[in-house]
Amino acid sequence: MSEQQTTAAQSWPEGVIARYLTVGGGFVDLTHQMNVLTPPEPYATLAACTGCPSTSEHNHHRMVWGLTSQYEKHLPELADSDAREWAQTHAEKCRALPRPEAQQ
Ligand SMILES: [Zn+2]
């Protein structure tokens, strides 16, 4: 059994699909917003900064014709790429420091 725990990055919060380091030392985390279906499906990708209150929700839908009606199909790849773009841009300019967890 290996006791090596050489993880370079600290563990990510559950559900985080991508993480960007900001110039201020915070993070921009990308998570999927899930709907209430069973099983839940992502309906949007949320980018949220840990250093400042900035968040940005991205979603893409395409109308799809079913047998009896049309419905909106979510396109997670496009939503993800939009969210990544926002996160990248925000990370490059955000200088807000994350608030230390100990002093709420
Ligand atoms: Zn920020």
# chains A, B, ... in the order shown; residues from 1 in each chain; ligands from 1
$ select_by_dssp --residues "chain A" --states "strand (DSSP E or B)" --output "MDAnalysis selection string"
chainID A and resid 16:21 27:34 42:49 55:58 61:65 70:74
$ write_last_selection --atoms "C-alpha atoms" --output "CSV table (one decimal), in the first residue's frame"
chain,number,residue,atom,x,y,z
A,16,VAL,CA,-16.5,21.1,-9.8
A,17,ILE,CA,-15.6,20.2,-13.4
A,18,ALA,CA,-13.0,22.9,-14.0
A,19,ARG,CA,-11.1,25.4,-11.9
A,20,TYR,CA,-9.2,28.5,-12.9
A,21,LEU,CA,-6.7,30.2,-10.6
A,27,PHE,CA,-10.5,30.3,-8.0
A,28,VAL,CA,-13.2,30.4,-10.6
A,29,ASP,CA,-15.0,27.1,-10.3
A,30,LEU,CA,-17.2,25.6,-13.0
A,31,THR,CA,-20.1,23.4,-12.0
A,32,HIS,CA,-23.1,22.0,-13.8
A,33,GLN,CA,-26.5,23.2,-12.7
A,34,MET,CA,-28.7,20.1,-12.5
A,42,PRO,CA,-27.4,19.4,-16.4
A,43,TYR,CA,-29.3,22.5,-17.8
A,44,ALA,CA,-26.5,25.1,-17.4
A,45,THR,CA,-22.9,25.5,-16.5
A,46,LEU,CA,-22.2,27.9,-13.7
A,47,ALA,CA,-18.9,29.8,-13.3
A,48,ALA,CA,-18.4,31.2,-9.8
A,49,CYS,CA,-15.5,33.1,-8.4
A,55,THR,CA,-20.9,34.4,-11.1
A,56,SER,CA,-22.0,33.7,-14.6
A,57,GLU,CA,-24.5,31.1,-15.8
A,58,HIS,CA,-24.2,29.7,-19.3
A,61,HIS,CA,-30.6,25.2,-26.0
A,62,ARG,CA,-31.6,23.9,-29.4
A,63,MET,CA,-35.2,23.3,-30.3
A,64,VAL,CA,-35.7,19.6,-31.2
A,65,TRP,CA,-38.7,18.1,-32.8
A,70,GLN,CA,-40.8,20.1,-29.9
A,71,TYR,CA,-38.7,20.5,-26.9
A,72,GLU,CA,-35.5,22.3,-25.9
A,73,LYS,CA,-32.4,20.2,-25.8
A,74,HIS,CA,-29.5,21.4,-23.6
$ select_by_dssp --residues "range 2-104 of chain A" --states "helix (DSSP H, G or I)" --output "PyMOL selection string"
chain A and resi 76-93
$ write_last_selection --atoms "C-alpha atoms" --output "PDB file, in the first residue's frame"
ATOM      1  CA  PRO A  76     -23.672  21.060 -22.368  1.00  0.00           C
ATOM      2  CA  GLU A  77     -20.543  21.203 -24.516  1.00  0.00           C
ATOM      3  CA  LEU A  78     -21.394  24.679 -25.765  1.00  0.00           C
ATOM      4  CA  ALA A  79     -22.411  25.829 -22.293  1.00  0.00           C
ATOM      5  CA  ASP A  80     -19.138  24.491 -20.896  1.00  0.00           C
ATOM      6  CA  SER A  81     -17.037  26.245 -23.485  1.00  0.00           C
ATOM      7  CA  ASP A  82     -18.833  29.548 -22.864  1.00  0.00           C
ATOM      8  CA  ALA A  83     -18.345  29.144 -19.125  1.00  0.00           C
ATOM      9  CA  ARG A  84     -14.654  28.323 -19.598  1.00  0.00           C
ATOM     10  CA  GLU A  85     -14.212  31.433 -21.668  1.00  0.00           C
ATOM     11  CA  TRP A  86     -15.851  33.585 -18.990  1.00  0.00           C
ATOM     12  CA  ALA A  87     -13.788  31.893 -16.257  1.00  0.00           C
ATOM     13  CA  GLN A  88     -10.545  32.418 -18.158  1.00  0.00           C
ATOM     14  CA  THR A  89     -11.289  36.096 -18.730  1.00  0.00           C
ATOM     15  CA  HIS A  90     -12.398  36.671 -15.151  1.00  0.00           C
ATOM     16  CA  ALA A  91      -9.398  34.804 -13.696  1.00  0.00           C
ATOM     17  CA  GLU A  92      -7.052  37.054 -15.629  1.00  0.00           C
ATOM     18  CA  LYS A  93      -8.423  40.242 -14.099  1.00  0.00           C
TER      19      LYS A  93
END
$ residues_around --residues "Gly24 in chain A" --least-positions-apart "6" --cutoff "6 Å" --atoms "only C-alpha atoms" --output "MDAnalysis selection string"
chainID A and resid 95:97
$ write_last_selection --atoms "all heavy atoms" --output "compact mmCIF listing (two decimals), in the first residue's frame"
# COMPACT_ATOMS: atom_id res chain seq x y z
N ARG A 95 -8.66 40.38 -8.89
CA ARG A 95 -7.61 40.47 -7.87
C ARG A 95 -8.20 40.32 -6.47
O ARG A 95 -7.52 40.57 -5.47
CB ARG A 95 -6.87 41.80 -7.99
CG ARG A 95 -6.15 41.91 -9.31
CD ARG A 95 -5.25 43.13 -9.41
NE ARG A 95 -4.49 43.08 -10.66
CZ ARG A 95 -3.34 42.42 -10.80
NH1 ARG A 95 -2.82 41.79 -9.76
NH2 ARG A 95 -2.72 42.40 -11.95
N ALA A 96 -9.43 39.95 -6.37
CA ALA A 96 -10.05 39.80 -5.06
C ALA A 96 -9.50 38.55 -4.37
O ALA A 96 -9.36 37.50 -4.98
CB ALA A 96 -11.55 39.67 -5.21
N LEU A 97 -9.16 38.68 -3.12
CA LEU A 97 -8.67 37.55 -2.33
C LEU A 97 -9.85 36.82 -1.74
O LEU A 97 -10.79 37.46 -1.25
CB LEU A 97 -7.77 38.03 -1.19
CG LEU A 97 -6.30 38.22 -1.54
CD1 LEU A 97 -5.59 38.86 -0.36
CD2 LEU A 97 -5.65 36.89 -1.88
$ atom_distance --atom1 "CA of Pro39 in chain A" --atom2 "CA of Glu14 in chain A"
17.7 Å
$ closest_residue --among "A:His60, A:Gly51, A:Val36, A:Gly66" --to "ligand 1" --atoms "only C-alpha atoms and all ligand atoms"
A:Gly51
$ atom_distance --atom1 "CA of Glu41 in chain A" --atom2 "CA of Ser11 in chain A"
24.3 Å
$ decode --residues "range 34-63 of chain A" --atoms "N, CA, C and O atoms" --output "PDB file, in the first residue's frame"
ATOM      1  N   MET A  34     -27.926  21.288 -12.138  1.00  0.00           N
ATOM      2  CA  MET A  34     -28.725  20.121 -12.466  1.00  0.00           C
ATOM      3  C   MET A  34     -30.212  20.407 -12.284  1.00  0.00           C
ATOM      4  O   MET A  34     -30.604  21.119 -11.367  1.00  0.00           O
ATOM      5  N   ASN A  35     -31.019  19.817 -13.162  1.00  0.00           N
ATOM      6  CA  ASN A  35     -32.460  19.982 -13.018  1.00  0.00           C
ATOM      7  C   ASN A  35     -33.014  18.890 -12.094  1.00  0.00           C
ATOM      8  O   ASN A  35     -32.260  18.093 -11.522  1.00  0.00           O
ATOM      9  N   VAL A  36     -34.320  18.851 -11.967  1.00  0.00           N
ATOM     10  CA  VAL A  36     -34.923  17.952 -10.981  1.00  0.00           C
ATOM     11  C   VAL A  36     -35.442  16.664 -11.607  1.00  0.00           C
ATOM     12  O   VAL A  36     -36.208  15.936 -10.980  1.00  0.00           O
ATOM     13  N   LEU A  37     -35.038  16.390 -12.825  1.00  0.00           N
ATOM     14  CA  LEU A  37     -35.460  15.146 -13.453  1.00  0.00           C
ATOM     15  C   LEU A  37     -34.767  13.957 -12.786  1.00  0.00           C
ATOM     16  O   LEU A  37     -33.807  14.114 -12.042  1.00  0.00           O
ATOM     17  N   THR A  38     -35.266  12.756 -13.080  1.00  0.00           N
ATOM     18  CA  THR A  38     -34.628  11.549 -12.578  1.00  0.00           C
ATOM     19  C   THR A  38     -34.190  10.719 -13.770  1.00  0.00           C
ATOM     20  O   THR A  38     -35.058  10.205 -14.486  1.00  0.00           O
ATOM     21  N   PRO A  39     -32.920  10.502 -14.003  1.00  0.00           N
ATOM     22  CA  PRO A  39     -31.810  11.122 -13.243  1.00  0.00           C
ATOM     23  C   PRO A  39     -31.653  12.596 -13.608  1.00  0.00           C
ATOM     24  O   PRO A  39     -32.060  13.001 -14.700  1.00  0.00           O
ATOM     25  N   PRO A  40     -31.047  13.363 -12.716  1.00  0.00           N
ATOM     26  CA  PRO A  40     -30.877  14.798 -13.003  1.00  0.00           C
ATOM     27  C   PRO A  40     -29.998  15.010 -14.231  1.00  0.00           C
ATOM     28  O   PRO A  40     -29.062  14.256 -14.474  1.00  0.00           O
ATOM     29  N   GLU A  41     -30.342  16.021 -14.990  1.00  0.00           N
ATOM     30  CA  GLU A  41     -29.545  16.366 -16.160  1.00  0.00           C
ATOM     31  C   GLU A  41     -29.058  17.800 -16.017  1.00  0.00           C
ATOM     32  O   GLU A  41     -29.758  18.641 -15.484  1.00  0.00           O
ATOM     33  N   PRO A  42     -27.866  18.061 -16.505  1.00  0.00           N
ATOM     34  CA  PRO A  42     -27.370  19.439 -16.441  1.00  0.00           C
ATOM     35  C   PRO A  42     -28.171  20.338 -17.375  1.00  0.00           C
ATOM     36  O   PRO A  42     -28.476  19.941 -18.495  1.00  0.00           O
ATOM     37  N   TYR A  43     -28.540  21.528 -16.903  1.00  0.00           N
ATOM     38  CA  TYR A  43     -29.252  22.461 -17.779  1.00  0.00           C
ATOM     39  C   TYR A  43     -28.449  23.728 -18.003  1.00  0.00           C
ATOM     40  O   TYR A  43     -28.811  24.558 -18.843  1.00  0.00           O
ATOM     41  N   ALA A  44     -27.356  23.880 -17.262  1.00  0.00           N
ATOM     42  CA  ALA A  44     -26.529  25.062 -17.435  1.00  0.00           C
ATOM     43  C   ALA A  44     -25.183  24.809 -16.786  1.00  0.00           C
ATOM     44  O   ALA A  44     -25.029  23.899 -15.982  1.00  0.00           O
ATOM     45  N   THR A  45     -24.211  25.609 -17.168  1.00  0.00           N
ATOM     46  CA  THR A  45     -22.894  25.544 -16.546  1.00  0.00           C
ATOM     47  C   THR A  45     -22.663  26.861 -15.821  1.00  0.00           C
ATOM     48  O   THR A  45     -22.804  27.928 -16.404  1.00  0.00           O
ATOM     49  N   LEU A  46     -22.346  26.759 -14.538  1.00  0.00           N
ATOM     50  CA  LEU A  46     -22.163  27.941 -13.709  1.00  0.00           C
ATOM     51  C   LEU A  46     -20.685  28.163 -13.436  1.00  0.00           C
ATOM     52  O   LEU A  46     -19.974  27.246 -13.022  1.00  0.00           O
ATOM     53  N   ALA A  47     -20.232  29.373 -13.678  1.00  0.00           N
ATOM     54  CA  ALA A  47     -18.874  29.759 -13.303  1.00  0.00           C
ATOM     55  C   ALA A  47     -19.009  30.708 -12.121  1.00  0.00           C
ATOM     56  O   ALA A  47     -19.746  31.683 -12.184  1.00  0.00           O
ATOM     57  N   ALA A  48     -18.326  30.394 -11.030  1.00  0.00           N
ATOM     58  CA  ALA A  48     -18.436  31.220  -9.832  1.00  0.00           C
ATOM     59  C   ALA A  48     -17.057  31.483  -9.258  1.00  0.00           C
ATOM     60  O   ALA A  48     -16.243  30.574  -9.119  1.00  0.00           O
ATOM     61  N   CYS A  49     -16.805  32.745  -8.921  1.00  0.00           N
ATOM     62  CA  CYS A  49     -15.512  33.135  -8.370  1.00  0.00           C
ATOM     63  C   CYS A  49     -15.561  33.001  -6.858  1.00  0.00           C
ATOM     64  O   CYS A  49     -16.542  33.385  -6.223  1.00  0.00           O
ATOM     65  N   THR A  50     -14.474  32.447  -6.278  1.00  0.00           N
ATOM     66  CA  THR A  50     -14.432  32.318  -4.818  1.00  0.00           C
ATOM     67  C   THR A  50     -13.922  33.602  -4.171  1.00  0.00           C
ATOM     68  O   THR A  50     -14.043  33.781  -2.975  1.00  0.00           O
ATOM     69  N   GLY A  51     -13.326  34.483  -4.970  1.00  0.00           N
ATOM     70  CA  GLY A  51     -12.738  35.690  -4.404  1.00  0.00           C
ATOM     71  C   GLY A  51     -13.691  36.867  -4.378  1.00  0.00           C
ATOM     72  O   GLY A  51     -13.570  37.757  -3.551  1.00  0.00           O
ATOM     73  N   CYS A  52     -14.637  36.900  -5.279  1.00  0.00           N
ATOM     74  CA  CYS A  52     -15.574  38.010  -5.352  1.00  0.00           C
ATOM     75  C   CYS A  52     -16.950  37.441  -5.696  1.00  0.00           C
ATOM     76  O   CYS A  52     -17.069  36.258  -5.992  1.00  0.00           O
ATOM     77  N   PRO A  53     -17.980  38.255  -5.637  1.00  0.00           N
ATOM     78  CA  PRO A  53     -19.339  37.716  -5.843  1.00  0.00           C
ATOM     79  C   PRO A  53     -19.684  37.404  -7.302  1.00  0.00           C
ATOM     80  O   PRO A  53     -20.820  37.030  -7.579  1.00  0.00           O
ATOM     81  N   SER A  54     -18.752  37.532  -8.209  1.00  0.00           N
ATOM     82  CA  SER A  54     -19.078  37.329  -9.621  1.00  0.00           C
ATOM     83  C   SER A  54     -19.457  35.876  -9.927  1.00  0.00           C
ATOM     84  O   SER A  54     -18.743  34.955  -9.557  1.00  0.00           O
ATOM     85  N   THR A  55     -20.558  35.726 -10.604  1.00  0.00           N
ATOM     86  CA  THR A  55     -20.944  34.416 -11.128  1.00  0.00           C
ATOM     87  C   THR A  55     -21.475  34.626 -12.539  1.00  0.00           C
ATOM     88  O   THR A  55     -21.872  35.727 -12.901  1.00  0.00           O
ATOM     89  N   SER A  56     -21.476  33.565 -13.298  1.00  0.00           N
ATOM     90  CA  SER A  56     -21.989  33.659 -14.647  1.00  0.00           C
ATOM     91  C   SER A  56     -22.558  32.305 -15.049  1.00  0.00           C
ATOM     92  O   SER A  56     -21.864  31.300 -14.988  1.00  0.00           O
ATOM     93  N   GLU A  57     -23.825  32.315 -15.409  1.00  0.00           N
ATOM     94  CA  GLU A  57     -24.464  31.061 -15.797  1.00  0.00           C
ATOM     95  C   GLU A  57     -24.591  31.005 -17.312  1.00  0.00           C
ATOM     96  O   GLU A  57     -24.985  31.975 -17.938  1.00  0.00           O
ATOM     97  N   HIS A  58     -24.230  29.860 -17.857  1.00  0.00           N
ATOM     98  CA  HIS A  58     -24.240  29.715 -19.315  1.00  0.00           C
ATOM     99  C   HIS A  58     -25.095  28.525 -19.705  1.00  0.00           C
ATOM    100  O   HIS A  58     -24.952  27.447 -19.146  1.00  0.00           O
ATOM    101  N   ASN A  59     -25.960  28.736 -20.649  1.00  0.00           N
ATOM    102  CA  ASN A  59     -26.702  27.590 -21.177  1.00  0.00           C
ATOM    103  C   ASN A  59     -26.970  27.777 -22.659  1.00  0.00           C
ATOM    104  O   ASN A  59     -27.001  28.889 -23.172  1.00  0.00           O
ATOM    105  N   HIS A  60     -27.112  26.677 -23.306  1.00  0.00           N
ATOM    106  CA  HIS A  60     -27.376  26.667 -24.739  1.00  0.00           C
ATOM    107  C   HIS A  60     -28.494  25.673 -24.998  1.00  0.00           C
ATOM    108  O   HIS A  60     -28.432  24.544 -24.532  1.00  0.00           O
ATOM    109  N   HIS A  61     -29.470  26.102 -25.719  1.00  0.00           N
ATOM    110  CA  HIS A  61     -30.553  25.185 -26.040  1.00  0.00           C
ATOM    111  C   HIS A  61     -30.809  25.182 -27.534  1.00  0.00           C
ATOM    112  O   HIS A  61     -30.595  26.173 -28.219  1.00  0.00           O
ATOM    113  N   ARG A  62     -31.263  24.053 -27.992  1.00  0.00           N
ATOM    114  CA  ARG A  62     -31.644  23.941 -29.393  1.00  0.00           C
ATOM    115  C   ARG A  62     -33.018  23.297 -29.421  1.00  0.00           C
ATOM    116  O   ARG A  62     -33.270  22.335 -28.704  1.00  0.00           O
ATOM    117  N   MET A  63     -33.895  23.852 -30.236  1.00  0.00           N
ATOM    118  CA  MET A  63     -35.226  23.271 -30.333  1.00  0.00           C
ATOM    119  C   MET A  63     -35.147  21.973 -31.132  1.00  0.00           C
ATOM    120  O   MET A  63     -34.563  21.934 -32.211  1.00  0.00           O
TER     121      MET A  63
END
